[in-house]
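Engineer: Submitted below is the structure of interest, expressed as structure tokens.
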Amino acid sequence: MNTAATSTDRFSTSAGRMVVAAVVMLVCVVLLMLVSTTGMQGLLDLAQRTEARVPTFLVRISLIIAALTAAFFFITSHSYYKRNKVAIAPWMFLSVGLVFFSIYVIVPIFQSISYSFTRWDGLYDFNGVWTGEWVGLHNYKLLLDDPNFYTSLWNNLLWLLLFMLAVPIGLFIALFLNQTVAGIRIYKSLFFFPFVISQVVVGLIFTWAYNPEFGLLSEIWSWFFCETKTNIMGNLTRVCSPEPPSILGDETMATYGIIAAGLWPQIAYCMILYLTGLNNISSDQIEAGRLDGAKGWKMLRHVILPQLKPATFIAIVVTVIGALRSFDMIATMTQGGPYGSSNVLAYYMYDQAVGEGVGRYGYGSAIATVLFLIMLVYISYFLWRMYVDEMEAK
Amino acid sequence: MKFKLNFSLTSIAAAALLSTSAMASDLVITFDDLNPDKAAAYEAAVEAFKKANPDINVVANNGDREAHKGTIRNALQNDSPDLITWYPGNRMGPFVDAGLFMDISDLWASDPNLSGNFNAIKPTMTRDGKQWGVPYSYYQWGVYYRKDIYEKLGLSEPKTWDELLGNCDKMKEAGVTPFTIGTKFLWTAAGVFDYLNLRTNGYDVHNELTAGKVKYTDPRIRDTFANWETMLDRCSFVSTHATMSWQDAIAPFANGDAAMYVMGNFSVGQYKDAGLTDDQIDFFQFPEITPGLPRAEEAPADAFFIPAKATNVENAKKFLAFIATPEIQSEWNKTIGQLPPNSEAAINTDDKFIVEGMETLSTAAGLAQFYDRDAPAAMAKEGMQGFQKFMLDPSSLDEILENLDKVQAEVYK
């Protein structure tokens, strides 16, 4: 009896809240529609005199937020929700993220896959009509016959393989720095420094260092192989034999040059991951290992490394991601050159679709789709691995 | 209360939207060059226009040239200004074909300047028999050279291919690299290719090639590359060109290590910034290769276009007519050191490069825009990569040309 009374009581208050929320929601939606369509002649005459420009998007955003808040109250006041709180609540929290994830990630993936079956220069005509045409698998056939595509694919592989060097080197430096001497913090921060500066800056520093005319490398080169002569106009000039290597201007060396530049901050990143990992190593186990006579390599291999397994996993994950994100280094250092020999798929896609108005959106999308499929292998492995770990944890 | 607040905000916002379209005498211009002299010339022209049309409220925007190549797509499709800068030739093709530029043939027919004094440049502004923009400036290309080195070696400006090669031999003997170039951003190599092709095969072949009607494996194009190979062999280019921009490549030129530079006239200011004087540098037209071939030149133009979605078309046309007048054309190009497309406009006779450029272009049998403006962007990108590869490794020619044929077959569909 008592419970029934409380439940009706609760219902009535909820009903009141529901009605208010529903009204607010409706008002917001109507206003939103009014703001979006400018056909509000009556209102406009009234406000014609005001010259002030209020950005309509601010109005729209506040209306959307108000509507969402009202919707939240509306749903939480409903009795169905109250009965199934535990099941529904997580989805409500997820919904915001899911909406944005689908708008900015899921939908574009399918959009670009669909563009890959078309020939399109990225333009809509005057009436907003899409100007492309459907060409089926044509772009993929072209890809199979495109030497630049194979160069980019091979470079992607090189990046993935050589970038992995960051993990052992990072580990080595972390082990080296994991000691207590005066000023170790300074050394640690010096080693960590390259990770703090932006990729673009790293790219520029290395581009200058590699420059065969005035770079650091050519300076060192000139100590051994060059002499300074006076040229025909009486100016000093440098004559070298052999010539200093033009690392970013040579198709056989350009990619390695960029990878080396990319490794610099990546090693720092792996190092910091391992340093935090080393902090958490249990001293009991080390002591126990020592009592059993383990030292040096054996200690590292059988006692330290197993405890660093979580750090290693994260280091590998971020390094793979770093290798696939090589775009910015390439954009700052070579723009894919010389003649496309340092392209990776991500940059080649950008180059064909967006860059310098080339405008082969269909072809660029086909490259993107191939890149997506390749990454899907890695992503699936990663998700599977997470799933297994979760299961084990249970 | 909340309702009221929203209500008033909404009405103000909507009013602002309407009032912009209600005020008919706006003019929004988007320009794309932030270099100090270019920006100054543009602003001066806008000021003069404001003075002549006090009733028009001009909003003059300016932005980075490279970024503009990407942002123009959005500007034409969504948020159109009333005037926007872009390149004529095939570069305007995609936008014209998608109906995003406005046909201004009527202005070309009715305006006394455009109908009478722009004949040389009119073909490049024309597509499908209609005119789409108004050029405000153009400039010549050719060979800039170190006059003092030439004098020291007792050389004279070459008129023929053999004379050029002979000059190169003497320079190499004296330890001077004949040509400087920086191909990091590719287009400089296209300048050399264009001239070799224009001099080997002429204007028509250049146009047919960039229009996709001649294949890259065509024997005539192979002749061009054969000449280029001779040039690479006897007139070597600086060895590190693939890592240099065109500005970087000025360093060996200014230092006297290299003697010649195939370039556009916009580079003269940079030579002077590098410490060279008018006595040290000079200009000659790229020498004749095939005897008797009518001489065509590269003369890229910059122009204003009206986006199809522009709101103040009448004001935009007024501005176009205004910048086509001899006075504005003359003033604008004096400031930026280039040539006015209006043949009645006065040029700066104190600048020997401008005088020589005017002479070069006014006597030319045809004016090419430039490889990357005459060819569609997708073709140009691949083509210029091919040119760079050829310059680094001439033995890969067959591979390059076959690949370019494949791209050509795809791009021109």
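So you can find residues: chains in the structure tokens are A, B, ... in the order shown, residues in each start at 1, and ligands are numbered from 1 in order.
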With a distance cut-off of 12 Å and only C-alpha atoms, select the neighbouring residues of Asp111 in chain B, excluding the residue or stretch itself and same-chain residues fewer than 6 positions from it, and output the selection as a list in words.

Structural biologist: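 Counting only C-alpha atoms, the residues come to Ile104, Ser105, Asn117, Phe118, Val134, Lys317, Lys318, Phe319, Leu320, Ala321, Phe322, Ile323, Ala324 and Thr325 of chain B.
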
Engineer: For the alpha helix (DSSP H) assignment from backbone DSSP, which residues of range 49-246 of chain B qualify? Please present them as JSON, numbers by chain.

Structural biologist: {"B": [49, 50, 51, 52, 65, 66, 67, 68, 69, 70, 71, 72, 73, 74, 75, 76, 77, 93, 94, 95, 96, 97, 105, 106, 107, 108, 109, 110, 112, 113, 114, 115, 116, 117, 122, 123, 124, 125, 147, 148, 149, 150, 151, 152, 161, 162, 163, 164, 165, 166, 167, 168, 169, 170, 171, 172, 173, 187, 188, 189, 190, 191, 192, 193, 194, 195, 196, 197, 198, 199, 200, 203, 204, 205, 206, 207, 208, 209, 210, 219, 220, 221, 222, 223, 224, 225, 226, 227, 228, 229, 230, 231, 232, 233, 234]}

Engineer: Using DSSP assignments from the backbone, pull out every residue in range 29-268 of chain A that falls under strand (DSSP E) and give it to me as number ranges by chain.

Structural biologist: A: 118-119, 133-134, 226-230, 236-240

Engineer: Excluding Ile205 in chain A and residues on its chain fewer than 3 positions from it, collect all residues at most 10 Å away from it, counting only C-alpha atoms, and give them as a list in words.

Structural biologist: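 Everything that qualifies: Gln199, Val200, Val201, Val202, Trp208, Ala209, Tyr210, Gly215, Leu216, Ala261 and Met333 of chain A.
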
Engineer: With only C-alpha atoms as the counted atoms, please give the residues lying no more than 9 Å from range 356-364 of chain B, apart from itself and same-chain residues fewer than 4 positions off, as number ranges by chain.

Structural biologist: B: 120, 139-142, 265, 283-285, 294-299, 338-339, 343, 347, 351-352

Engineer: Tell me which of B:Lys413, B:Lys215, B:Arg199, B:Arg65 sits closest to Trp86 in chain B, counting only C-alpha atoms.

Structural biologist: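 Of all the options, B:Arg65 lies closest to Trp86 in chain B.
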
Engineer: Got a sec: who's within 7 Å of Pro244 in chain A, counting only C-alpha atoms, leaving out chain neighbours fewer than 2 positions off, as a ChimeraX atom specification?

Structural biologist: /A:212,218,221,242,246

Engineer: So which residues touch range 310-318 of chain A within 12 Å, counting only C-alpha atoms, skipping near sequence neighbours fewer than 2 positions away, as a ChimeraX atom specification?

Structural biologist: /A:160-161,163-171,174,265-281,304-308,320-325,378-379,381-383,385-386,389

Engineer: Please produce a file of the residues just selected, as a compact mmCIF listing (two decimals), in the first residue's frame, where the atoms kept are N, CA and C atoms.

Structural biologist:
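Below you can see out.txt, which holds the result:
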# COMPACT_ATOMS: atom_id res chain seq x y z
N LEU A 160 57.20 0.77 -41.07
CA LEU A 160 56.74 -0.10 -39.98
C LEU A 160 57.90 -0.90 -39.40
N LEU A 161 58.76 -1.42 -40.29
CA LEU A 161 59.86 -2.27 -39.82
C LEU A 161 60.91 -1.45 -39.08
N PHE A 163 60.82 1.58 -37.93
CA PHE A 163 60.36 2.38 -36.80
C PHE A 163 60.37 1.55 -35.52
N MET A 164 60.25 0.21 -35.68
CA MET A 164 60.26 -0.67 -34.51
C MET A 164 61.58 -0.58 -33.75
N LEU A 165 62.63 -0.11 -34.42
CA LEU A 165 63.92 0.06 -33.74
C LEU A 165 63.78 0.97 -32.52
N ALA A 166 62.78 1.84 -32.57
CA ALA A 166 62.59 2.77 -31.45
C ALA A 166 62.36 2.02 -30.15
N VAL A 167 61.73 0.83 -30.22
CA VAL A 167 61.40 0.09 -28.98
C VAL A 167 62.67 -0.40 -28.27
N PRO A 168 63.53 -1.22 -28.94
CA PRO A 168 64.75 -1.65 -28.22
C PRO A 168 65.68 -0.51 -27.86
N ILE A 169 65.81 0.48 -28.75
CA ILE A 169 66.72 1.59 -28.43
C ILE A 169 66.18 2.36 -27.23
N GLY A 170 64.86 2.57 -27.22
CA GLY A 170 64.24 3.26 -26.09
C GLY A 170 64.46 2.49 -24.80
N LEU A 171 64.32 1.16 -24.89
CA LEU A 171 64.54 0.33 -23.71
C LEU A 171 65.97 0.47 -23.22
N ALA A 174 66.49 3.72 -21.55
CA ALA A 174 65.79 3.75 -20.26
C ALA A 174 66.59 2.99 -19.21
N PRO A 265 62.31 11.50 -32.11
CA PRO A 265 61.30 11.67 -31.05
C PRO A 265 60.67 10.35 -30.59
N GLN A 266 60.58 9.39 -31.51
CA GLN A 266 59.89 8.14 -31.15
C GLN A 266 60.69 7.37 -30.09
N ILE A 267 62.02 7.38 -30.21
CA ILE A 267 62.87 6.72 -29.21
C ILE A 267 62.64 7.35 -27.84
N ALA A 268 62.54 8.68 -27.85
CA ALA A 268 62.30 9.39 -26.58
C ALA A 268 60.99 8.94 -25.96
N TYR A 269 60.00 8.74 -26.80
CA TYR A 269 58.69 8.33 -26.32
C TYR A 269 58.77 6.94 -25.69
N CYS A 270 59.39 6.00 -26.40
CA CYS A 270 59.53 4.64 -25.88
C CYS A 270 60.34 4.66 -24.58
N MET A 271 61.37 5.50 -24.56
CA MET A 271 62.21 5.59 -23.38
C MET A 271 61.38 5.99 -22.15
N ILE A 272 60.53 6.99 -22.33
CA ILE A 272 59.76 7.46 -21.18
C ILE A 272 58.78 6.39 -20.71
N LEU A 273 58.23 5.63 -21.70
CA LEU A 273 57.32 4.54 -21.32
C LEU A 273 58.05 3.51 -20.46
N TYR A 274 59.28 3.16 -20.90
CA TYR A 274 60.05 2.15 -20.16
C TYR A 274 60.52 2.69 -18.82
N LEU A 275 60.84 3.99 -18.77
CA LEU A 275 61.29 4.56 -17.49
C LEU A 275 60.18 4.44 -16.44
N THR A 276 58.95 4.76 -16.84
CA THR A 276 57.85 4.61 -15.87
C THR A 276 57.65 3.15 -15.53
N GLY A 277 57.82 2.27 -16.55
CA GLY A 277 57.69 0.84 -16.29
C GLY A 277 58.73 0.37 -15.28
N LEU A 278 59.96 0.87 -15.44
CA LEU A 278 61.04 0.45 -14.54
C LEU A 278 60.80 0.91 -13.10
N ASN A 279 60.11 2.03 -12.96
CA ASN A 279 59.79 2.52 -11.61
C ASN A 279 58.93 1.53 -10.84
N ASN A 280 58.09 0.80 -11.60
CA ASN A 280 57.13 -0.07 -10.94
C ASN A 280 57.62 -1.50 -10.77
N ILE A 281 58.87 -1.75 -11.12
CA ILE A 281 59.37 -3.11 -11.01
C ILE A 281 59.51 -3.48 -9.53
N ILE A 304 63.42 -8.76 -15.50
CA ILE A 304 62.99 -7.39 -15.79
C ILE A 304 61.97 -7.36 -16.93
N LEU A 305 62.34 -7.95 -18.07
CA LEU A 305 61.49 -7.83 -19.26
C LEU A 305 60.07 -8.34 -19.03
N PRO A 306 59.88 -9.50 -18.39
CA PRO A 306 58.50 -9.94 -18.17
C PRO A 306 57.67 -8.91 -17.40
N GLN A 307 58.32 -8.22 -16.49
CA GLN A 307 57.58 -7.21 -15.73
C GLN A 307 57.32 -5.95 -16.55
N LEU A 308 58.12 -5.79 -17.62
CA LEU A 308 57.93 -4.62 -18.48
C LEU A 308 56.94 -4.91 -19.61
N VAL A 320 53.75 1.65 -33.86
CA VAL A 320 53.03 1.34 -35.10
C VAL A 320 52.19 2.54 -35.52
N ILE A 321 51.50 3.12 -34.56
CA ILE A 321 50.70 4.30 -34.88
C ILE A 321 51.60 5.42 -35.40
N GLY A 322 52.75 5.61 -34.75
CA GLY A 322 53.69 6.63 -35.20
C GLY A 322 54.15 6.39 -36.62
N ALA A 323 54.42 5.12 -36.95
CA ALA A 323 54.89 4.80 -38.31
C ALA A 323 53.80 5.10 -39.33
N LEU A 324 52.55 4.86 -38.96
CA LEU A 324 51.47 5.12 -39.90
C LEU A 324 51.14 6.61 -39.96
N ARG A 325 51.60 7.36 -38.95
CA ARG A 325 51.35 8.80 -38.96
C ARG A 325 52.49 9.58 -39.59
N TYR A 378 45.86 -4.77 -38.57
CA TYR A 378 46.50 -4.39 -37.32
C TYR A 378 45.47 -4.08 -36.24
N ILE A 379 44.43 -3.31 -36.65
CA ILE A 379 43.41 -2.91 -35.68
C ILE A 379 42.68 -4.14 -35.14
N TYR A 381 43.79 -7.18 -34.87
CA TYR A 381 44.67 -7.87 -33.94
C TYR A 381 44.64 -7.18 -32.58
N PHE A 382 44.73 -5.86 -32.62
CA PHE A 382 44.76 -5.06 -31.40
C PHE A 382 43.47 -5.27 -30.59
N LEU A 383 42.31 -5.21 -31.30
CA LEU A 383 41.03 -5.37 -30.61
C LEU A 383 40.90 -6.77 -30.03
N ARG A 385 43.26 -8.73 -29.14
CA ARG A 385 44.18 -8.80 -28.02
C ARG A 385 43.55 -8.18 -26.76
N MET A 386 42.90 -7.03 -26.94
CA MET A 386 42.22 -6.37 -25.82
C MET A 386 41.12 -7.27 -25.28
N ASP A 389 42.51 -10.10 -23.29
CA ASP A 389 42.97 -9.61 -21.99
C ASP A 389 41.81 -9.40 -21.03
